[in-house]
Number of protein chains: 2
Amino acid sequence: MSNDSGPDDARSAVPVEMKRSVRADAQRNVDALLEAAKTVFAAAGVDAPVREIAKEAGVGVGTLYRHFPDRAGLIAAVFRREVDACAKAAPELAANRPPFEALADWIQLFAGFITTKRGLASALHSGSSAFEPLPSYFDQHLRPALETLLAAARTAGAVRTDVDADDIIGAVASLCMSTKIDQPDHAHRMVSLFVDGLRYGAQG
Amino acid sequence: MSNDSGPDDARSAVPVEMKRSVRADAQRNVDALLEAAKTVFAAAGVDAPVREIAKEAGVGVGTLYRHFPDRAGLIAAVFRREVDACAKAAPELAANRPPFEALADWIQLFAGFITTKRGLASALHSGSSAFEPLPSYFDQHLRPALETLLAAARTAGAVRTDVDADDIIGAVASLCMSTKIDQPDHAHRMVSLFVDGLRYGAQG
DNA sequence: CTTGTATACGGAACAATGTTCCGTTTAACA
DNA sequence: TGTTAAACGGAACATTGTTCCGTATACAAG
């Protein structure tokens with residue numbers, strides 16, 4: 001066993017201080033890498049070279065591999081991070097906007113998230129074990145968030161009642177992963193159209 | 001323009017002898033490469049290294065690249081070749097078997113073709129321009145073949161009438177590209193089940 | 001502040017793979 | 001049989017994922 005350090009707990013479930021502090025530079029680099037990966041993935045798709053991500057983050061590739069098991073692990077981490085952000089935005093929108101607007105805004109947020117993941121669909125089908133838990137992570141975090149917003153909008157009589165959270169997630173994902181990636185606003189326009197459709201048939 | 005030889009007409013529409021013969025060894029190697037690629041793709045998926053294909057064909061990689069523009073071009077060529085074979089089998093089956101059996105056999109042939117293309121779905125979504133014409137090639141050759149068999153089976157009253165060629169192609173492709181690739185017969189069993197379903201509700 | 005040390009860092013080095021280049025071989029034809 | 005254009009093989013090159021290890025440094029104890 002030549003293993004000496006394995007990728008460590010960059011996103012532990014108990015982030016409060018543990019036995020022996022995580023070195024400050026390490027934490028900074030993990031954050032920089034996740035942020036850089038998000039940027040590069042959005043610009044060049046999830047197939048972007050690892051070196052490019054490390055460069056964007058201002059670190060060496062060795063540092064990247066210290067914190068993530070492999071490129072698939074990095075993609076998964078970025079994915080989870082954005083899913084979390086997306087899920088966390090739901091309650092805030094619910095608290096600060098009318099029900100339908102909260103729902104519509106959240107859907108656009110979700111659409112933006114999917115749009116910046118060019119190549120993810122292929123990656124998910126690539127068979128890498130690092131991706132297997134992603135779909136369920138997706139379901140466990142995004143669906144409840146959307147369901148809350150959707151329920152509120154329904155209660156307010158702002159949307160039709162024959163569409164559920166899965167319908168929305170599936171439809172929006174399909175629209176955003178379509179092959180028309182050259183027009184970045186195309187997806188958002190299609191999603192807007194879809195969202196308007198949600199209103200149709202709502203009780204006055 | 002440093003181009004001096006570009007990949008030539010390995011599958012011309014008029015294969016009979018033209019002005020200045022194609023060198024016999026060249027033709028032999030093209031065939032060997034297509035056959036080798038088919039074998040290797042079936043065994044290791046379309047992501048198999050080009051060196052492995054060249055080795056299986058008993059040629060150098062230079063020869064491979066003399067006849068195909070790049071790995072995507074080779075994949076596309078193999079794909080077209082098998083589509084052609086599949087399409088050509090339809091009239092033969094129609095002539096030699098009862099309508100329903102002809103249809104069922106052809107569907108299994110098609111299923112076998114899809115099953116040996118592990119990774120093709122991802123490849124098609126990879127954005128390589130060599131793959132863009134494939135879906136339409138698919139439609140133009142396979143659908144008419146199937147439609148003929150399906151019409152004959154319908155006329156004979158052997159299958160239900162609420163299913164069309166696209167339904168069948170789509171359903172069989174889905175079944176065969178599912179994640180259960182470890183049991184090679186799993187796909188065929190599922191397809192058999194589906195084919196039996198086609199009978200259900202047929203007029204006596 | 002100094003010092004010791006576990007931790008983290010950077011990037012060279014390695015491996016796998018797609019693609020190109022070019023000296024050598026050979027099929028076809030006169 | 002000789003000539004030649006075409007084709008061949010595989011070494012060499014480029015790109016990328018991953019590992020290794022000598023060096024630098026954050027943190028805490030004195």
# chains A, B, ... in the order shown; residues from 1 in each chain; ligands from 1
>>> residues_around(residues="B:Asp162", least_positions_apart="6", cutoff="10 Å", atoms="only C-alpha atoms (C1' of nucleotides)", output="list of chain:residue names")
B:Leu198, B:Gly201, B:Ala202
>>> write_last_selection(atoms="C-alpha atoms", output="PDB file, in the first residue's frame")
ATOM      1  CA  LEU B 198     -46.425  -6.470 -31.115  1.00  0.00           C
ATOM      2  CA  GLY B 201     -54.160  -7.304 -30.167  1.00  0.00           C
ATOM      3  CA  ALA B 202     -53.525  -8.269 -33.733  1.00  0.00           C
TER       4      ALA B 202
END
>>> closest_atom_pairs(of="chain A", to="chain B", cutoff="8 Å", atoms="only C-alpha atoms", output="Markdown table")
| residue | atom | partner | partner_atom | distance |
| --- | --- | --- | --- | --- |
| A:Gly119 | CA | B:Ser126 | CA | 7.4 |
| A:Ser122 | CA | B:Ser122 | CA | 5.1 |
| A:His125 | CA | B:Ser122 | CA | 7.0 |
| A:Ser126 | CA | B:Ser122 | CA | 7.4 |
>>> write_last_selection(atoms="C-alpha atoms", output="tab-separated table (two decimals), in the first residue's frame")
chain	number	residue	atom	x	y	z
A	119	GLY	CA	-20.90	17.50	-21.95
A	122	SER	CA	-22.12	12.18	-21.94
A	125	HIS	CA	-23.19	7.86	-19.34
A	126	SER	CA	-19.45	7.25	-19.42
>>> interface_residues(of="chain B", to="chain C", cutoff="10 Å", atoms="only C-alpha atoms (C1' of nucleotides)", output="list in words")
Arg20, Ser21, Val22, Arg23, Ala24, Asp25, Ala26, Ala48, Pro49, Val50, Arg51, Val61, Gly62, Tyr65, Pro69, Asp70 and Arg71 of chain B
>>> calpha_fit_and_write(fixed="chain A", moving="chain B", output="CSV table (one decimal) with C-alpha atoms, in the first residue's frame")
chain,number,residue,atom,x,y,z
B,1,MET,CA,-1.1,-0.2,0.4
B,2,SER,CA,1.0,2.6,-0.9
B,3,ASN,CA,-1.9,5.0,-0.1
B,4,ASP,CA,-0.6,7.8,2.1
B,5,SER,CA,-3.0,10.7,1.8
B,6,GLY,CA,-6.1,9.9,-0.3
B,7,PRO,CA,-8.3,12.8,-1.3
B,8,ASP,CA,-9.6,14.2,2.0
B,9,ASP,CA,-12.8,15.6,3.2
B,10,ALA,CA,-13.0,18.7,1.0
B,11,ARG,CA,-16.8,18.9,1.7
B,12,SER,CA,-17.4,17.4,5.1
B,13,ALA,CA,-20.8,17.5,6.5
B,14,VAL,CA,-19.5,19.2,9.6
B,15,PRO,CA,-17.4,22.0,8.2
B,16,VAL,CA,-16.8,23.8,11.5
B,17,GLU,CA,-13.3,23.6,12.9
B,18,MET,CA,-12.3,20.0,13.8
B,19,LYS,CA,-9.5,18.5,15.9
B,20,ARG,CA,-6.5,19.7,14.0
B,21,SER,CA,-7.2,22.6,11.7
B,22,VAL,CA,-7.1,22.2,8.0
B,23,ARG,CA,-4.3,24.3,6.7
B,24,ALA,CA,-5.6,27.6,5.5
B,25,ASP,CA,-3.8,27.4,2.1
B,26,ALA,CA,-5.3,24.0,1.5
B,27,GLN,CA,-8.8,25.3,2.1
B,28,ARG,CA,-8.2,28.3,-0.1
B,29,ASN,CA,-6.9,26.1,-2.9
B,30,VAL,CA,-9.9,23.7,-2.7
B,31,ASP,CA,-12.2,26.7,-3.1
B,32,ALA,CA,-10.1,28.2,-5.9
B,33,LEU,CA,-10.2,24.8,-7.7
B,34,LEU,CA,-13.9,24.4,-7.4
B,35,GLU,CA,-14.5,28.0,-8.6
B,36,ALA,CA,-12.0,27.6,-11.4
B,37,ALA,CA,-13.5,24.4,-12.5
B,38,LYS,CA,-17.0,25.9,-12.6
B,39,THR,CA,-15.7,28.7,-14.8
B,40,VAL,CA,-13.8,26.5,-17.1
B,41,PHE,CA,-16.6,24.0,-17.4
B,42,ALA,CA,-19.0,26.7,-18.4
B,43,ALA,CA,-16.6,28.0,-21.0
B,44,ALA,CA,-15.2,24.8,-22.5
B,45,GLY,CA,-17.4,22.0,-21.2
B,46,VAL,CA,-16.6,19.3,-18.7
B,47,ASP,CA,-14.0,17.8,-21.1
B,48,ALA,CA,-11.7,20.7,-20.4
B,49,PRO,CA,-8.1,19.6,-19.6
B,50,VAL,CA,-7.2,19.4,-15.9
B,51,ARG,CA,-4.1,21.5,-16.5
B,52,GLU,CA,-6.3,24.3,-17.6
B,53,ILE,CA,-8.4,24.2,-14.5
B,54,ALA,CA,-5.3,24.1,-12.3
B,55,LYS,CA,-3.9,27.1,-14.2
B,56,GLU,CA,-7.1,29.1,-13.8
B,57,ALA,CA,-7.0,28.3,-10.1
B,58,GLY,CA,-3.4,29.4,-9.9
B,59,VAL,CA,-2.2,26.0,-8.5
B,60,GLY,CA,-0.2,23.0,-9.9
B,61,VAL,CA,-1.9,19.8,-11.0
B,62,GLY,CA,-0.4,18.1,-8.0
B,63,THR,CA,-2.5,20.2,-5.8
B,64,LEU,CA,-5.6,19.4,-7.8
B,65,TYR,CA,-5.0,15.7,-7.4
B,66,ARG,CA,-4.3,16.1,-3.7
B,67,HIS,CA,-7.8,17.3,-3.2
B,68,PHE,CA,-9.7,15.3,-5.7
B,69,PRO,CA,-9.3,11.6,-6.6
B,70,ASP,CA,-9.4,12.2,-10.4
B,71,ARG,CA,-11.0,14.4,-13.0
B,72,ALA,CA,-14.4,12.7,-12.6
B,73,GLY,CA,-14.2,13.3,-8.8
B,74,LEU,CA,-13.6,17.0,-9.5
B,75,ILE,CA,-16.6,17.2,-11.9
B,76,ALA,CA,-18.8,15.5,-9.3
B,77,ALA,CA,-17.7,17.9,-6.6
B,78,VAL,CA,-18.4,20.9,-8.7
B,79,PHE,CA,-21.8,19.4,-9.6
B,80,ARG,CA,-22.7,18.8,-6.0
B,81,ARG,CA,-21.6,22.3,-5.0
B,82,GLU,CA,-23.8,23.9,-7.6
B,83,VAL,CA,-26.7,21.6,-6.8
B,84,ASP,CA,-26.4,22.7,-3.2
B,85,ALA,CA,-26.3,26.4,-4.1
B,86,CYS,CA,-29.4,25.9,-6.3
B,87,ALA,CA,-31.3,24.1,-3.6
B,88,LYS,CA,-30.3,26.6,-1.0
B,89,ALA,CA,-31.7,29.4,-3.1
B,90,ALA,CA,-35.2,28.0,-3.0
B,91,PRO,CA,-36.2,29.0,0.5
B,92,GLU,CA,-34.7,32.5,0.0
B,93,LEU,CA,-36.7,33.0,-3.1
B,94,ALA,CA,-39.8,31.7,-1.4
B,95,ALA,CA,-39.4,34.2,1.5
B,96,ASN,CA,-38.7,37.2,-0.7
B,97,ARG,CA,-40.9,36.9,-3.8
B,98,PRO,CA,-44.5,36.1,-4.7
B,99,PRO,CA,-45.1,32.4,-5.2
B,100,PHE,CA,-45.1,32.3,-9.0
B,101,GLU,CA,-42.1,34.6,-9.4
B,102,ALA,CA,-40.2,32.6,-6.9
B,103,LEU,CA,-40.9,29.5,-8.9
B,104,ALA,CA,-40.0,31.1,-12.2
B,105,ASP,CA,-36.8,32.5,-10.9
B,106,TRP,CA,-35.7,29.3,-9.4
B,107,ILE,CA,-36.4,27.5,-12.7
B,108,GLN,CA,-34.2,29.9,-14.5
B,109,LEU,CA,-31.5,29.5,-11.9
B,110,PHE,CA,-31.7,25.7,-12.5
B,111,ALA,CA,-31.6,26.3,-16.2
B,112,GLY,CA,-28.5,28.3,-15.9
B,113,PHE,CA,-26.9,25.6,-13.9
B,114,ILE,CA,-27.6,22.9,-16.5
B,115,THR,CA,-26.6,25.2,-19.4
B,116,THR,CA,-23.1,25.6,-18.0
B,117,LYS,CA,-22.6,21.8,-17.9
B,118,ARG,CA,-22.0,21.1,-21.5
B,119,GLY,CA,-20.9,17.5,-21.9
B,120,LEU,CA,-22.2,16.4,-18.6
B,121,ALA,CA,-24.8,14.1,-20.1
B,122,SER,CA,-22.1,12.1,-21.9
B,123,ALA,CA,-20.0,12.1,-18.8
B,124,LEU,CA,-22.8,10.6,-16.8
B,125,HIS,CA,-23.1,7.8,-19.3
B,126,SER,CA,-19.4,7.2,-19.4
B,127,GLY,CA,-19.6,4.6,-16.7
B,128,SER,CA,-17.2,6.2,-14.3
B,129,SER,CA,-18.1,5.2,-10.8
B,130,ALA,CA,-17.6,8.7,-9.6
B,131,PHE,CA,-20.8,9.7,-11.4
B,132,GLU,CA,-23.1,7.0,-10.1
B,133,PRO,CA,-24.3,8.9,-7.0
B,134,LEU,CA,-24.9,12.1,-8.9
B,135,PRO,CA,-28.4,11.4,-10.2
B,136,SER,CA,-29.7,10.5,-6.8
B,137,TYR,CA,-28.0,13.5,-5.2
B,138,PHE,CA,-29.7,15.5,-7.8
B,139,ASP,CA,-33.1,14.0,-6.9
B,140,GLN,CA,-32.6,14.3,-3.2
B,141,HIS,CA,-31.7,18.0,-3.2
B,142,LEU,CA,-33.2,19.6,-6.2
B,143,ARG,CA,-36.6,17.9,-6.3
B,144,PRO,CA,-37.6,18.8,-2.7
B,145,ALA,CA,-36.5,22.4,-3.3
B,146,LEU,CA,-38.6,22.7,-6.4
B,147,GLU,CA,-41.5,20.9,-4.8
B,148,THR,CA,-41.8,23.4,-2.1
B,149,LEU,CA,-41.9,26.3,-4.5
B,150,LEU,CA,-44.3,24.5,-6.8
B,151,ALA,CA,-46.7,23.7,-3.9
B,152,ALA,CA,-46.7,27.3,-2.8
B,153,ALA,CA,-47.5,28.5,-6.4
B,154,ARG,CA,-50.3,25.9,-6.6
B,155,THR,CA,-51.7,27.0,-3.3
B,156,ALA,CA,-51.7,30.6,-4.6
B,157,GLY,CA,-53.5,29.3,-7.7
B,158,ALA,CA,-50.7,30.6,-9.9
B,159,VAL,CA,-49.9,27.5,-11.9
B,160,ARG,CA,-51.8,24.6,-13.4
B,161,THR,CA,-52.0,21.5,-11.3
B,162,ASP,CA,-51.3,18.8,-13.9
B,163,VAL,CA,-47.5,19.2,-13.8
B,164,ASP,CA,-45.2,17.9,-11.1
B,165,ALA,CA,-41.6,18.6,-10.1
B,166,ASP,CA,-40.2,15.8,-12.1
B,167,ASP,CA,-41.9,17.0,-15.2
B,168,ILE,CA,-40.3,20.4,-14.8
B,169,ILE,CA,-36.8,19.1,-14.0
B,170,GLY,CA,-36.9,16.8,-16.9
B,171,ALA,CA,-38.3,19.3,-19.4
B,172,VAL,CA,-35.9,22.1,-18.4
B,173,ALA,CA,-32.9,19.7,-18.5
B,174,SER,CA,-33.9,18.6,-22.0
B,175,LEU,CA,-34.4,22.1,-23.2
B,176,CYS,CA,-31.0,23.2,-21.9
B,177,MET,CA,-29.0,20.2,-23.1
B,178,SER,CA,-30.3,20.5,-26.6
B,179,THR,CA,-27.8,20.9,-29.4
B,180,LYS,CA,-28.3,24.7,-29.8
B,181,ILE,CA,-25.5,25.8,-27.6
B,182,ASP,CA,-24.3,28.5,-29.9
B,183,GLN,CA,-27.0,30.9,-28.8
B,184,PRO,CA,-26.6,31.1,-25.1
B,185,ASP,CA,-29.9,32.8,-24.6
B,186,HIS,CA,-31.8,30.3,-26.7
B,187,ALA,CA,-32.1,27.9,-23.7
B,188,HIS,CA,-33.4,30.7,-21.5
B,189,ARG,CA,-36.0,31.8,-24.0
B,190,MET,CA,-37.2,28.3,-24.4
B,191,VAL,CA,-37.4,27.9,-20.7
B,192,SER,CA,-39.3,31.1,-20.3
B,193,LEU,CA,-41.8,29.9,-22.8
B,194,PHE,CA,-42.1,26.7,-20.8
B,195,VAL,CA,-42.6,28.6,-17.6
B,196,ASP,CA,-45.3,30.7,-19.2
B,197,GLY,CA,-47.0,27.5,-20.1
B,198,LEU,CA,-47.1,26.6,-16.4
B,199,ARG,CA,-49.5,29.5,-15.9
B,200,TYR,CA,-51.9,28.5,-18.6
B,201,GLY,CA,-54.9,26.9,-17.1
B,202,ALA,CA,-54.2,28.1,-13.6
B,203,GLN,CA,-57.3,28.9,-11.6
B,204,GLY,CA,-58.1,32.6,-11.9
>>> closest_atom_pairs(of="chain D", to="chain A", cutoff="9 Å", atoms="only C-alpha atoms (C1' of nucleotides)", output="tab-separated table")
residue	atom	partner	partner_atom	distance
D:DT16	C1'	A:Pro49	CA	6.7
D:DG17	C1'	A:Val50	CA	7.7
D:DT18	C1'	A:Asp70	CA	8.0
D:DT19	C1'	A:Gly62	CA	8.7
D:DA26	C1'	A:Arg23	CA	6.4
D:DC27	C1'	A:Arg23	CA	8.0
